[in-house]
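> This structure is in structure tokens; I'll ask about it shortly.
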Amino acid sequence: YAQERLDAETLLRTYVSDMEMVQRIIYIAAVESFHAAKMAYRQLKIRVRETLSLGHSGPESLEDTVLDYIVRHEDLYDVQASVNEVIRSMNINPKISFPPEIDFIVISTLIRELCRMAFSMQTLTPPLDIAFGTDRELFSETKYHRSFDSDFTAVLVAYHVWPALMENDDVIVKGEAVTKRGTLVCTFVKEHVKGSHWI
């Protein structure tokens with residue numbers, strides 16, 4: 001968050017003038033990196049379990065043995081495959097856009113580090129994950145800091161800058177979100193009041 005994100009932000013600003021779009025691109029890169037790394041971890045865990053189960057005899061449980069093996073052999077993780085998957089997902093994400101002559105590969109250094117970090121977090125007990133966030137959700141003080149350019153009286157998230165880090169349902173590190181007043185509130189009211197009731 002403190003370094004690689006800002007480096008990627010600076011790099012993206014040479015191609016994209018809209019700061020909101022730059023921040024959306026980086027947030028989606030973080031979310032997609034976690035998704036890709038978690039999928040890769042699950043697949044590797046299945047393969048390692050199948051291999052080790054053939055000769056496992058304790059005293060550790062098979063699950064502990066599998067986890068220990070993955071921790072000691074993290075080089076088995078094909079991080080480049082995850083990076084490619086993230087870039088593919090970003091290319092079809094309707095919330096972000098990029099000049100046609102440029103590819104999201106320009107931030108592959110950030111994506112690679114995010115994938116590595118997310119993969120390592122899956123080896124913890126319990127594993128760490130990121131909070132699910134959507135535009136126009138109610139702003140949560142427990143999950144997010146407001147960005148400096150937010151409207152601090154607004155109650156809805158306009159967009160996310162960085163995801164919150166979670167351990168089960170507990171926030172370990174707050175993320176960052178932008179809150180703004182305006183059309184977002186009208187849209188939220190229209191979508192949520194029609195056919196429902198307020199409590």
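So you can find residues: chains in the structure tokens are A, B, ... in the order shown, residues in each start at 1, and ligands are numbered from 1 in order.
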As a ChimeraX atom specification, please: every residue in region 9-93 of chain A that DSSP puts in alpha helix (DSSP H).
/A:9-13,19-53,62-72,79-91
> With only C-alpha atoms as the counted atoms, please give the residues lying no more than 9 Å from Val79 (chain A), apart from itself and same-chain residues fewer than 2 positions off, as JSON, numbers by chain.
{"A": [37, 40, 75, 76, 77, 81, 82, 83, 84, 112, 115, 116, 119]}
> Create the file for the chosen residues now, containing all heavy atoms and written as a JSON list (two decimals), in the first residue's frame.

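To be explicit, this is the file written out as again07.json:
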[["chain", "number", "residue", "atom", "x", "y", "z"],
["A", 37, "ALA", "N", -4.74, -15.64, -6.62],
["A", 37, "ALA", "CA", -3.82, -16.33, -5.71],
["A", 37, "ALA", "C", -4.54, -17.36, -4.86],
["A", 37, "ALA", "O", -4.01, -18.45, -4.60],
["A", 37, "ALA", "CB", -3.11, -15.30, -4.82],
["A", 40, "ALA", "N", -5.20, -20.37, -7.05],
["A", 40, "ALA", "CA", -3.95, -21.11, -7.28],
["A", 40, "ALA", "C", -3.56, -21.89, -6.03],
["A", 40, "ALA", "O", -3.09, -23.03, -6.12],
["A", 40, "ALA", "CB", -2.84, -20.13, -7.67],
["A", 75, "ASP", "N", 7.91, -21.76, -3.90],
["A", 75, "ASP", "CA", 8.37, -21.58, -5.28],
["A", 75, "ASP", "C", 7.57, -22.44, -6.26],
["A", 75, "ASP", "O", 7.63, -22.22, -7.47],
["A", 75, "ASP", "CB", 9.86, -21.91, -5.38],
["A", 75, "ASP", "CG", 10.18, -23.32, -4.89],
["A", 75, "ASP", "OD1", 9.74, -23.67, -3.78],
["A", 75, "ASP", "OD2", 10.86, -24.08, -5.62],
["A", 76, "LEU", "N", 6.78, -23.38, -5.73],
["A", 76, "LEU", "CA", 5.90, -24.18, -6.60],
["A", 76, "LEU", "C", 4.74, -23.34, -7.14],
["A", 76, "LEU", "O", 4.07, -23.73, -8.09],
["A", 76, "LEU", "CB", 5.34, -25.38, -5.84],
["A", 76, "LEU", "CG", 6.34, -26.47, -5.45],
["A", 76, "LEU", "CD1", 5.65, -27.52, -4.58],
["A", 76, "LEU", "CD2", 6.95, -27.11, -6.70],
["A", 77, "TYR", "N", 4.48, -22.21, -6.49],
["A", 77, "TYR", "CA", 3.40, -21.33, -6.92],
["A", 77, "TYR", "C", 3.79, -20.65, -8.23],
["A", 77, "TYR", "O", 4.78, -19.92, -8.29],
["A", 77, "TYR", "CB", 3.10, -20.30, -5.82],
["A", 77, "TYR", "CG", 2.16, -19.18, -6.23],
["A", 77, "TYR", "CD1", 1.02, -19.43, -7.00],
["A", 77, "TYR", "CD2", 2.40, -17.87, -5.83],
["A", 77, "TYR", "CE1", 0.16, -18.41, -7.36],
["A", 77, "TYR", "CE2", 1.54, -16.85, -6.16],
["A", 77, "TYR", "CZ", 0.43, -17.12, -6.93],
["A", 77, "TYR", "OH", -0.42, -16.10, -7.29],
["A", 81, "ALA", "N", 1.37, -17.25, -13.87],
["A", 81, "ALA", "CA", 0.04, -17.68, -14.32],
["A", 81, "ALA", "C", -1.05, -16.83, -13.66],
["A", 81, "ALA", "O", -2.03, -16.45, -14.29],
["A", 81, "ALA", "CB", -0.18, -19.16, -14.02],
["A", 82, "SER", "N", -0.85, -16.53, -12.37],
["A", 82, "SER", "CA", -1.82, -15.67, -11.66],
["A", 82, "SER", "C", -1.80, -14.25, -12.22],
["A", 82, "SER", "O", -2.85, -13.63, -12.40],
["A", 82, "SER", "CB", -1.51, -15.63, -10.16],
["A", 82, "SER", "OG", -1.83, -16.86, -9.55],
["A", 83, "VAL", "N", -0.61, -13.73, -12.50],
["A", 83, "VAL", "CA", -0.50, -12.38, -13.08],
["A", 83, "VAL", "C", -1.25, -12.33, -14.41],
["A", 83, "VAL", "O", -2.03, -11.39, -14.67],
["A", 83, "VAL", "CB", 0.98, -11.98, -13.28],
["A", 83, "VAL", "CG1", 1.09, -10.68, -14.09],
["A", 83, "VAL", "CG2", 1.68, -11.82, -11.93],
["A", 84, "ASN", "N", -1.06, -13.34, -15.24],
["A", 84, "ASN", "CA", -1.76, -13.40, -16.54],
["A", 84, "ASN", "C", -3.27, -13.45, -16.35],
["A", 84, "ASN", "O", -4.03, -12.80, -17.09],
["A", 84, "ASN", "CB", -1.30, -14.61, -17.34],
["A", 84, "ASN", "CG", 0.17, -14.53, -17.73],
["A", 84, "ASN", "OD1", 0.78, -13.47, -17.71],
["A", 84, "ASN", "ND2", 0.75, -15.68, -18.08],
["A", 112, "ARG", "N", 2.17, -8.74, -9.44],
["A", 112, "ARG", "CA", 3.00, -9.87, -9.02],
["A", 112, "ARG", "C", 3.19, -9.86, -7.50],
["A", 112, "ARG", "O", 3.05, -10.89, -6.84],
["A", 112, "ARG", "CB", 4.36, -9.79, -9.72],
["A", 112, "ARG", "CG", 5.32, -10.92, -9.37],
["A", 112, "ARG", "CD", 6.61, -10.78, -10.17],
["A", 112, "ARG", "NE", 6.35, -10.92, -11.59],
["A", 112, "ARG", "CZ", 6.28, -12.08, -12.24],
["A", 112, "ARG", "NH1", 6.45, -13.21, -11.57],
["A", 112, "ARG", "NH2", 6.04, -12.12, -13.53],
["A", 115, "CYS", "N", -0.06, -10.80, -5.76],
["A", 115, "CYS", "CA", -0.33, -12.24, -5.86],
["A", 115, "CYS", "C", 0.54, -13.02, -4.88],
["A", 115, "CYS", "O", 0.07, -13.92, -4.19],
["A", 115, "CYS", "CB", -0.08, -12.74, -7.29],
["A", 115, "CYS", "SG", -1.33, -12.23, -8.48],
["A", 116, "ARG", "N", 1.82, -12.68, -4.82],
["A", 116, "ARG", "CA", 2.73, -13.37, -3.89],
["A", 116, "ARG", "C", 2.27, -13.19, -2.44],
["A", 116, "ARG", "O", 2.25, -14.15, -1.66],
["A", 116, "ARG", "CB", 4.15, -12.81, -4.04],
["A", 116, "ARG", "CG", 4.91, -13.37, -5.22],
["A", 116, "ARG", "CD", 6.39, -12.99, -5.11],
["A", 116, "ARG", "NE", 7.13, -13.51, -6.24],
["A", 116, "ARG", "CZ", 7.97, -12.80, -6.98],
["A", 116, "ARG", "NH1", 8.14, -11.52, -6.72],
["A", 116, "ARG", "NH2", 8.62, -13.36, -7.97],
["A", 119, "PHE", "N", -0.98, -15.12, -1.81],
["A", 119, "PHE", "CA", -0.72, -16.56, -1.71],
["A", 119, "PHE", "C", -0.14, -16.90, -0.34],
["A", 119, "PHE", "O", -0.58, -17.85, 0.31],
["A", 119, "PHE", "CB", 0.25, -17.00, -2.82],
["A", 119, "PHE", "CG", 0.46, -18.48, -2.87],
["A", 119, "PHE", "CD1", -0.38, -19.29, -3.63],
["A", 119, "PHE", "CD2", 1.48, -19.09, -2.16],
["A", 119, "PHE", "CE1", -0.20, -20.67, -3.68],
["A", 119, "PHE", "CE2", 1.68, -20.46, -2.20],
["A", 119, "PHE", "CZ", 0.84, -21.26, -2.96]]
> One decimal, Å: what's the distance from CA of Met90 (chain A) over to CA of Glu176 (chain A), could you say?
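We find that CA of Met90 (chain A) and CA of Glu176 (chain A) lie 20.3 Å from each other.
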> Do you have the CA of Ile107 (chain A)-CA of Val157 (chain A) distance handy?
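Calculated distance between CA of Ile107 (chain A) and CA of Val157 (chain A) is 25.1 Å.
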> Extract, using only C-alpha atoms, all DNA, RNA and protein residues at most 12 Å from Leu165 (chain A), discarding same-chain residues fewer than 5 positions from it, and format them as a PDB file with N, CA and C atoms, in the first residue's frame.

ATOM      1  N   TYR A   1       0.833  -1.198   0.000  1.00  0.00           N
ATOM      2  CA  TYR A   1       0.000   0.000   0.000  1.00  0.00           C
ATOM      3  C   TYR A   1       0.873   1.255   0.000  1.00  0.00           C
ATOM      4  N   ALA A  30      -5.846  -5.268  -7.053  1.00  0.00           N
ATOM      5  CA  ALA A  30      -5.680  -5.904  -5.736  1.00  0.00           C
ATOM      6  C   ALA A  30      -6.715  -7.007  -5.526  1.00  0.00           C
ATOM      7  N   VAL A  31      -7.971  -6.707  -5.843  1.00  0.00           N
ATOM      8  CA  VAL A  31      -9.052  -7.686  -5.658  1.00  0.00           C
ATOM      9  C   VAL A  31      -8.827  -8.912  -6.542  1.00  0.00           C
ATOM     10  N   PHE A  34      -5.911 -11.156  -5.334  1.00  0.00           N
ATOM     11  CA  PHE A  34      -6.289 -12.033  -4.230  1.00  0.00           C
ATOM     12  C   PHE A  34      -7.104 -13.217  -4.733  1.00  0.00           C
ATOM     13  N   MET A 117       1.924 -11.945  -2.095  1.00  0.00           N
ATOM     14  CA  MET A 117       1.484 -11.656  -0.742  1.00  0.00           C
ATOM     15  C   MET A 117       0.184 -12.397  -0.423  1.00  0.00           C
ATOM     16  N   ALA A 118      -0.761 -12.362  -1.354  1.00  0.00           N
ATOM     17  CA  ALA A 118      -2.047 -13.032  -1.137  1.00  0.00           C
ATOM     18  C   ALA A 118      -1.867 -14.538  -0.998  1.00  0.00           C
ATOM     19  N   MET A 121      -0.528 -15.338   2.392  1.00  0.00           N
ATOM     20  CA  MET A 121      -1.558 -15.149   3.422  1.00  0.00           C
ATOM     21  C   MET A 121      -2.499 -16.347   3.524  1.00  0.00           C
ATOM     22  N   PRO A 127      -6.311 -18.210   7.483  1.00  0.00           N
ATOM     23  CA  PRO A 127      -5.820 -17.416   6.347  1.00  0.00           C
ATOM     24  C   PRO A 127      -6.403 -16.006   6.372  1.00  0.00           C
ATOM     25  N   LEU A 128      -5.690 -15.082   5.749  1.00  0.00           N
ATOM     26  CA  LEU A 128      -6.180 -13.706   5.639  1.00  0.00           C
ATOM     27  C   LEU A 128      -6.810 -13.501   4.276  1.00  0.00           C
ATOM     28  N   ASP A 129      -7.776 -12.589   4.221  1.00  0.00           N
ATOM     29  CA  ASP A 129      -8.478 -12.299   2.977  1.00  0.00           C
ATOM     30  C   ASP A 129      -8.765 -10.810   2.939  1.00  0.00           C
ATOM     31  N   ILE A 130      -9.368 -10.352   1.862  1.00  0.00           N
ATOM     32  CA  ILE A 130      -9.756  -8.951   1.768  1.00  0.00           C
ATOM     33  C   ILE A 130     -11.272  -8.835   1.849  1.00  0.00           C
ATOM     34  N   ALA A 131     -11.741  -7.675   2.317  1.00  0.00           N
ATOM     35  CA  ALA A 131     -13.177  -7.436   2.445  1.00  0.00           C
ATOM     36  C   ALA A 131     -13.796  -7.244   1.071  1.00  0.00           C
ATOM     37  N   PHE A 132     -15.008  -7.752   0.914  1.00  0.00           N
ATOM     38  CA  PHE A 132     -15.769  -7.534  -0.321  1.00  0.00           C
ATOM     39  C   PHE A 132     -16.313  -6.111  -0.287  1.00  0.00           C
ATOM     40  N   GLY A 133     -16.113  -5.370  -1.357  1.00  0.00           N
ATOM     41  CA  GLY A 133     -16.596  -3.990  -1.398  1.00  0.00           C
ATOM     42  C   GLY A 133     -17.281  -3.684  -2.710  1.00  0.00           C
ATOM     43  N   THR A 142     -15.333   0.931  10.488  1.00  0.00           N
ATOM     44  CA  THR A 142     -14.500  -0.173  10.985  1.00  0.00           C
ATOM     45  C   THR A 142     -13.651  -0.792   9.878  1.00  0.00           C
ATOM     46  N   LYS A 143     -14.091  -0.661   8.613  1.00  0.00           N
ATOM     47  CA  LYS A 143     -13.357  -1.282   7.502  1.00  0.00           C
ATOM     48  C   LYS A 143     -12.463  -0.317   6.736  1.00  0.00           C
ATOM     49  N   TYR A 144     -12.836   0.967   6.693  1.00  0.00           N
ATOM     50  CA  TYR A 144     -12.135   1.884   5.796  1.00  0.00           C
ATOM     51  C   TYR A 144     -11.792   3.214   6.442  1.00  0.00           C
ATOM     52  N   ASP A 170     -12.963 -10.272  11.249  1.00  0.00           N
ATOM     53  CA  ASP A 170     -12.285  -9.174  11.934  1.00  0.00           C
ATOM     54  C   ASP A 170     -11.391  -8.397  10.973  1.00  0.00           C
ATOM     55  N   VAL A 171     -11.453  -7.066  11.068  1.00  0.00           N
ATOM     56  CA  VAL A 171     -10.602  -6.208  10.247  1.00  0.00           C
ATOM     57  C   VAL A 171      -9.217  -6.147  10.881  1.00  0.00           C
ATOM     58  N   ILE A 172      -8.211  -6.558  10.125  1.00  0.00           N
ATOM     59  CA  ILE A 172      -6.820  -6.514  10.592  1.00  0.00           C
ATOM     60  C   ILE A 172      -6.187  -5.177  10.228  1.00  0.00           C
ATOM     61  N   VAL A 173      -6.410  -4.743   8.986  1.00  0.00           N
ATOM     62  CA  VAL A 173      -5.912  -3.452   8.511  1.00  0.00           C
ATOM     63  C   VAL A 173      -7.031  -2.801   7.703  1.00  0.00           C
ATOM     64  N   LYS A 174      -7.336  -1.549   8.031  1.00  0.00           N
ATOM     65  CA  LYS A 174      -8.383  -0.840   7.293  1.00  0.00           C
ATOM     66  C   LYS A 174      -7.961  -0.566   5.854  1.00  0.00           C
ATOM     67  N   GLY A 175      -8.958  -0.574   4.974  1.00  0.00           N
ATOM     68  CA  GLY A 175      -8.724  -0.173   3.600  1.00  0.00           C
ATOM     69  C   GLY A 175      -8.970   1.325   3.466  1.00  0.00           C
ATOM     70  N   GLU A 176      -9.114   1.765   2.222  1.00  0.00           N
ATOM     71  CA  GLU A 176      -9.373   3.183   1.966  1.00  0.00           C
ATOM     72  C   GLU A 176     -10.486   3.305   0.935  1.00  0.00           C
TER      73      GLU A 176
END
> Do you know which residues are at most 8 Å from region 13-29 of chain A counting only C-alpha atoms, after dropping those on the same chain fewer than 2 positions away, and could you put them as an NGL selection string?
:A and (5 or 8-11 or 31-33 or 86 or 90 or 95-99 or 102 or 111 or 159-163)
